[in-house]
$ cat data.cif   # mmCIF, C-alpha atoms
data_target
loop_
_atom_site.label_atom_id
_atom_site.label_comp_id
_atom_site.auth_asym_id
_atom_site.auth_seq_id
_atom_site.Cartn_x
_atom_site.Cartn_y
_atom_site.Cartn_z
CA MET A 1 -18.57 8.47 -20.01
CA LYS A 2 -19.24 7.14 -16.57
CA VAL A 3 -16.51 6.25 -14.04
CA LYS A 4 -16.44 5.23 -10.39
CA ILE A 5 -14.33 7.35 -8.06
CA LEU A 6 -13.07 6.29 -4.65
CA PHE A 7 -11.52 8.45 -1.94
CA PHE A 8 -9.42 7.15 0.94
CA ALA A 9 -8.02 8.24 4.30
CA ALA A 10 -7.62 12.01 4.80
CA LEU A 11 -9.17 12.72 1.38
CA ARG A 12 -12.26 10.71 2.24
CA GLU A 13 -12.68 12.69 5.45
CA GLN A 14 -12.05 16.07 3.88
CA LEU A 15 -14.55 15.41 1.10
CA GLY A 16 -17.06 13.69 3.37
CA ARG A 17 -17.58 10.77 0.99
CA SER A 18 -15.86 7.54 0.09
CA GLN A 19 -17.13 7.01 -3.44
CA GLU A 20 -19.29 8.31 -6.24
CA GLU A 21 -20.28 7.58 -9.82
CA ILE A 22 -19.57 10.47 -12.12
CA GLU A 23 -20.37 11.31 -15.72
CA LEU A 24 -17.26 12.89 -17.22
CA PRO A 25 -17.54 15.65 -19.80
CA ALA A 26 -16.19 14.87 -23.29
CA GLY A 27 -12.43 15.33 -23.46
CA THR A 28 -11.83 14.50 -19.80
CA ASP A 29 -10.00 11.20 -20.20
CA THR A 30 -6.90 11.32 -17.98
CA VAL A 31 -6.24 11.20 -14.25
CA ASP A 32 -5.14 14.82 -14.33
CA GLY A 33 -8.24 15.80 -16.31
CA LEU A 34 -10.43 14.16 -13.72
CA ARG A 35 -8.52 15.93 -10.93
CA ASN A 36 -9.11 19.27 -12.55
CA HIS A 37 -12.75 18.43 -13.10
CA LEU A 38 -13.19 17.61 -9.40
CA ARG A 39 -11.17 20.61 -8.32
CA ALA A 40 -13.49 22.90 -10.29
CA ARG A 41 -16.31 21.94 -7.93
CA GLY A 42 -14.74 24.33 -5.44
CA GLY A 43 -14.97 24.08 -1.63
CA ALA A 44 -13.31 21.00 -0.13
CA TYR A 45 -12.53 19.66 -3.64
CA GLU A 46 -10.62 22.79 -4.55
CA LYS A 47 -8.62 22.41 -1.34
CA VAL A 48 -7.90 18.69 -1.71
CA PHE A 49 -6.90 18.78 -5.36
CA ALA A 50 -4.97 22.05 -5.36
CA GLY A 51 -1.64 20.67 -4.10
CA LYS A 52 -0.38 18.46 -6.88
CA SER A 53 2.09 16.19 -5.13
CA LEU A 54 0.04 15.24 -2.09
CA VAL A 55 -2.61 13.27 -3.92
CA ARG A 56 -1.87 9.87 -5.41
CA ALA A 57 -4.11 8.09 -7.87
CA ALA A 58 -4.88 4.56 -8.99
CA VAL A 59 -6.80 3.41 -12.06
CA ASN A 60 -8.43 0.00 -11.78
CA GLN A 61 -6.41 -0.66 -8.61
CA GLU A 62 -3.01 0.05 -10.16
CA MET A 63 -0.96 3.12 -9.21
CA ALA A 64 -1.35 5.69 -11.99
CA GLN A 65 0.51 8.80 -13.11
CA ALA A 66 -1.17 12.09 -13.92
CA GLY A 67 -1.28 11.39 -17.64
CA ALA A 68 -2.81 7.91 -17.31
CA ARG A 69 -5.88 7.35 -19.52
CA ILE A 70 -9.33 6.79 -18.13
CA LYS A 71 -12.07 4.96 -20.00
CA ALA A 72 -15.74 4.31 -19.37
CA GLY A 73 -16.37 1.97 -16.43
CA ASP A 74 -12.96 2.51 -14.85
CA GLU A 75 -12.45 2.66 -11.10
CA VAL A 76 -10.33 5.68 -10.22
CA ALA A 77 -9.10 6.19 -6.66
CA PHE A 78 -7.54 9.24 -5.05
CA PHE A 79 -5.62 9.06 -1.78
CA PRO A 80 -2.68 10.51 0.17
CA PRO A 81 0.80 8.96 -0.03
CA VAL A 82 0.59 5.53 1.62
CA THR A 83 1.77 4.88 5.19
CA GLY A 84 1.47 1.14 5.79
CA GLY A 85 4.00 -1.34 7.07
CA MET B 1 3.19 -18.25 -1.33
CA LYS B 2 0.74 -16.63 1.01
CA ILE B 3 -0.60 -13.09 1.00
CA ALA B 4 -3.19 -12.03 3.54
CA VAL B 5 -4.80 -8.72 4.47
CA GLN B 6 -6.72 -9.24 7.66
CA ARG B 7 -8.13 -7.68 10.80
CA ASP B 8 -6.99 -10.54 13.03
CA ASP B 9 -3.60 -11.02 14.64
CA PHE B 10 -1.20 -13.65 13.30
CA ASP B 11 1.17 -16.17 14.86
CA VAL B 12 4.65 -15.59 13.43
CA GLY B 13 5.96 -18.94 14.64
CA ALA B 14 3.08 -20.85 13.09
CA GLU B 15 3.42 -18.91 9.82
CA ILE B 16 7.13 -19.62 9.58
CA LYS B 17 6.52 -23.28 10.36
CA SER B 18 3.94 -23.55 7.61
CA ILE B 19 6.25 -22.15 4.95
CA SER B 20 6.67 -24.95 2.45
CA LYS B 21 8.89 -27.78 3.49
CA ASN B 22 11.01 -27.76 0.36
CA SER B 23 14.22 -29.63 1.21
CA ARG B 24 16.27 -27.06 -0.73
CA ILE B 25 15.25 -24.32 1.70
CA GLY B 26 18.20 -23.43 3.89
CA ALA B 27 17.18 -20.02 5.21
CA ILE B 28 14.03 -18.23 6.27
CA ALA B 29 14.32 -14.50 6.97
CA SER B 30 11.41 -12.74 8.63
CA PHE B 31 10.37 -9.25 9.62
CA VAL B 32 7.59 -8.20 12.00
CA GLY B 33 6.32 -4.63 12.23
CA VAL B 34 4.84 -3.58 15.58
CA VAL B 35 2.73 -0.58 16.69
CA ARG B 36 4.94 1.92 18.50
CA GLU B 37 3.63 4.00 21.43
CA VAL B 38 0.32 5.23 20.00
CA ALA B 39 -2.89 3.36 19.18
CA MET B 40 -3.90 3.60 15.56
CA THR B 41 -6.45 2.69 12.94
CA LEU B 42 -5.25 1.30 9.64
CA GLU B 43 -7.37 1.91 6.57
CA HIS B 44 -6.72 0.17 3.26
CA TYR B 45 -8.07 -0.17 -0.28
CA PRO B 46 -9.63 -3.64 -0.45
CA GLY B 47 -8.75 -5.28 -3.73
CA MET B 48 -5.88 -3.01 -4.62
CA THR B 49 -4.07 -3.88 -1.40
CA GLU B 50 -3.97 -7.58 -2.21
CA LYS B 51 -3.02 -6.88 -5.83
CA SER B 52 -0.17 -4.58 -4.85
CA LEU B 53 1.22 -7.07 -2.33
CA GLU B 54 1.10 -9.81 -4.98
CA LYS B 55 2.89 -7.56 -7.43
CA ILE B 56 5.62 -6.67 -4.93
CA THR B 57 6.07 -10.33 -4.01
CA ARG B 58 6.26 -11.39 -7.66
CA GLU B 59 8.91 -8.72 -8.19
CA ALA B 60 10.94 -10.15 -5.29
CA LEU B 61 10.61 -13.64 -6.76
CA SER B 62 11.96 -12.39 -10.07
CA ARG B 63 14.98 -10.71 -8.47
CA TRP B 64 16.12 -13.29 -5.95
CA GLN B 65 16.06 -17.02 -5.57
CA VAL B 66 13.02 -17.29 -3.35
CA MET B 67 11.32 -20.62 -2.72
CA ASP B 68 8.41 -19.46 -0.66
CA CYS B 69 7.17 -16.36 1.05
CA THR B 70 4.43 -15.11 3.34
CA VAL B 71 3.17 -11.54 3.65
CA ILE B 72 0.46 -10.67 6.19
CA HIS B 73 -0.73 -7.12 6.82
CA ARG B 74 -3.41 -6.15 9.31
CA PHE B 75 -5.97 -3.33 9.16
CA GLY B 76 -8.46 -1.87 11.65
CA GLU B 77 -7.78 -0.73 15.19
CA LEU B 78 -4.40 -1.60 16.67
CA GLN B 79 -2.88 -0.96 20.09
CA PRO B 80 0.75 -0.25 21.03
CA GLY B 81 2.69 -3.51 20.90
CA ASP B 82 0.29 -5.11 18.42
CA GLN B 83 1.76 -6.74 15.34
CA ILE B 84 0.95 -4.88 12.09
CA VAL B 85 2.78 -6.72 9.38
CA MET B 86 4.96 -9.74 8.80
CA VAL B 87 7.09 -10.86 5.90
CA ALA B 88 8.87 -14.20 5.81
CA VAL B 89 11.01 -15.32 2.90
CA ALA B 90 12.47 -18.78 2.36
CA SER B 91 15.49 -19.35 0.20
CA ALA B 92 18.44 -21.70 -0.20
CA HIS B 93 20.81 -19.24 1.47
CA ARG B 94 20.46 -16.29 3.83
CA GLY B 95 21.65 -13.63 1.36
CA ASP B 96 18.64 -13.95 -0.91
CA ALA B 97 16.25 -14.41 2.02
CA PHE B 98 17.43 -11.24 3.81
CA ALA B 99 17.49 -9.14 0.65
CA ALA B 100 14.08 -10.23 -0.60
CA CYS B 101 12.53 -9.72 2.84
CA GLU B 102 13.88 -6.17 3.10
CA PHE B 103 12.89 -5.41 -0.48
CA ILE B 104 9.30 -6.52 0.12
CA MET B 105 9.05 -4.33 3.24
CA ASP B 106 10.59 -1.28 1.53
CA TYR B 107 8.29 -1.58 -1.47
CA LEU B 108 5.25 -2.33 0.67
CA LYS B 109 5.80 0.88 2.64
CA THR B 110 5.67 3.04 -0.46
CA ARG B 111 3.27 1.10 -2.72
CA ALA B 112 0.68 -0.84 -0.76
CA PRO B 113 -2.44 1.30 -0.16
CA PHE B 114 -2.55 1.46 3.64
CA TRP B 115 -3.01 4.61 5.70
CA LYS B 116 -2.37 4.97 9.43
CA LYS B 117 -4.39 7.27 11.65
CA GLU B 118 -2.94 7.73 15.12
CA ALA B 119 -5.06 8.35 18.21
CA THR B 120 -2.83 10.80 20.09
CA THR B 121 -3.70 12.54 23.36
CA GLU B 122 -4.40 15.70 21.33
CA GLY B 123 -6.79 13.86 19.05
CA GLU B 124 -6.60 11.80 15.89
CA ARG B 125 -4.16 12.53 13.11
CA TRP B 126 -3.21 10.90 9.83
CA VAL B 127 0.40 9.78 9.72
CA GLU B 128 2.35 11.56 7.00
CA ALA B 129 4.42 9.64 4.48
CA ARG B 130 8.14 9.71 5.18
CA THR B 131 10.64 10.62 2.50
CA ASP B 132 13.18 8.17 3.90
CA ASP B 133 10.71 5.39 3.07
CA ASP B 134 10.82 6.58 -0.54
CA ASP B 135 14.62 6.60 -0.33
CA ALA B 136 14.63 3.07 1.07
CA ALA B 137 12.45 1.85 -1.81
CA ALA B 138 14.43 3.81 -4.40
CA ARG B 139 17.76 2.20 -3.57
CA TRP B 140 16.50 -1.13 -4.93
CA GLU B 141 16.14 0.44 -8.38
CA LEU B 142 19.90 0.93 -8.56
CA GLN B 143 20.98 -2.43 -7.32
CA ASN B 144 21.53 -5.42 -9.47
CA PRO B 145 20.81 -8.37 -7.18
CA ALA B 146 22.31 -10.82 -9.63
#

$ encode --input "data.cif" --output "structure tokens"
Amino acid sequence: MKVKILFFAALREQLGRSQEEIELPAGTDTVDGLRNHLRARGGAYEKVFAGKSLVRAAVNQEMAQAGARIKAGDEVAFFPPVTGG
Amino acid sequence: MKIAVQRDDFDVGAEIKSISKNSRIGAIASFVGVVREVAMTLEHYPGMTEKSLEKITREALSRWQVMDCTVIHRFGELQPGDQIVMVAVASAHRGDAFAACEFIMDYLKTRAPFWKKEATTEGERWVEARTDDDDAAARWELQNPA
């Protein structure tokens, strides 16, 4: 299934991209699954997604936990803890 | 209710004035966040930012007696002294107005997708999230405002 991934702030800079469309392998249907999938690319991805607590995620613009489900057409975003206000 | 995410500055006085003229309003509490010392660039997640601010505001409306409220958050390049964010809450009495205003700020700091990048003399650096912001947001989970 196809999903859209967005990266923000320090993650965007470290990965050198702000978004991509990705075809997920069968069985990869959670936020954590997607993280592991990206991490397996190695290089900057390995680095960014290695530390578990420093990356937050949102699915369809709602904060999401590691076990949150992902379905075809979803927008999944990864970013550092927020620092607004 | 007004929620705005914008590049431009805002006029706190004008915003407070334009808060609805409901005759039952007896108190308007407001907060303004200002850039301290170092210039910065604020990045955000268009779409999710507005949604999260709406959600936080709705939560405040469900917890306290709030008659109107305004939340404005800026993004882009900001200089020391520039206004970043404002929250104004109107209620019948000050207790609810103060509490809801503080609640919105505490939740905004831990849930709204904004990221600050400071331009220091040694170069640019992303501001790290503070654990005391998490603590400030967490204390609202324990309180029963009723």

$ residues_around --input "data.cif" --residues "Ala60 of chain B" --least-positions-apart "3" --cutoff "9 Å" --atoms "all atoms listed in the file" --output "ChimeraX atom specification"
/B:55-57,63-66,99-101,103-104

$ resolve_selection --input "data.cif" --expression "the PyMOL selection byres ((chain A and resi 4-10) around 6)" --output "list in words"
Val3, Leu11, Arg12, Glu13, Ser18, Gln19, Glu20, Glu21, Glu75, Val76, Ala77, Phe78 and Phe79 of chain A

$ resolve_selection --input "data.cif" --expression "the PyMOL selection byres ((chain B and resi 121-135) around 10)" --output "ChimeraX atom specification"
/A:9-10,54,80-84 /B:38-42,105-111,115-120,136-140

$ resolve_selection --input "data.cif" --expression "the PyMOL selection byres ((chain B and resi 69-84) around 7)" --output "number ranges by chain"
A: 85; B: 1-9, 32-44, 68, 85-90

$ atom_distance --input "data.cif" --atom1 "atom CA of Leu38 of chain A" --atom2 "atom CA of Ser52 of chain B"
26.1 Å

$ closest_residue --input "data.cif" --among "A:Asn60, A:Asn36, A:Gln14, A:Thr28" --to "chain B" --atoms "all atoms listed in the file"
A:Asn60

$ closest_residue --input "data.cif" --among "B:Ala97, B:Glu102, B:Ala92, B:Thr49" --to "chain A" --atoms "all atoms listed in the file"
B:Thr49

$ atom_distance --input "data.cif" --atom1 "atom CA of Leu34 of chain A" --atom2 "atom CA of Arg17 of chain A"
16.7 Å

$ closest_residue --input "data.cif" --among "B:Ile28, B:Leu53, B:Met67, B:Leu61" --to "chain A" --atoms "all atoms listed in the file"
B:Leu53

$ atom_distance --input "data.cif" --atom1 "atom CA of Ala29 of chain B" --atom2 "atom CA of Phe98 of chain B"
5.5 Å

$ residues_near_point --input "data.cif" --point "(-17.8, 2.5, -16.8)" --cutoff "6 Å" --atoms "all atoms listed in the file" --output "list in words"
Lys2, Val3, Ala72, Gly73 and Asp74 of chain A

$ residues_around --input "data.cif" --residues "Gly26 of chain B" --least-positions-apart "2" --cutoff "7 Å" --atoms "only C-alpha atoms" --output "list in words"
Arg24, Ser91, Ala92 and His93 of chain B

$ closest_residue --input "data.cif" --among "A:Met63, A:Val55, A:Met1, A:Ala44" --to "Gly16 of chain A" --atoms "only C-alpha atoms"
A:Ala44

$ axis_aligned_box --input "data.cif" --around "segment 127-144 of chain B" --padding-each-side "6 Å" --output "lines of an AutoDock Vina configuration file"
center_x = 11.0
center_y = 3.1
center_z = 0.1
size_x = 33.1
size_y = 29.0
size_z = 31.2
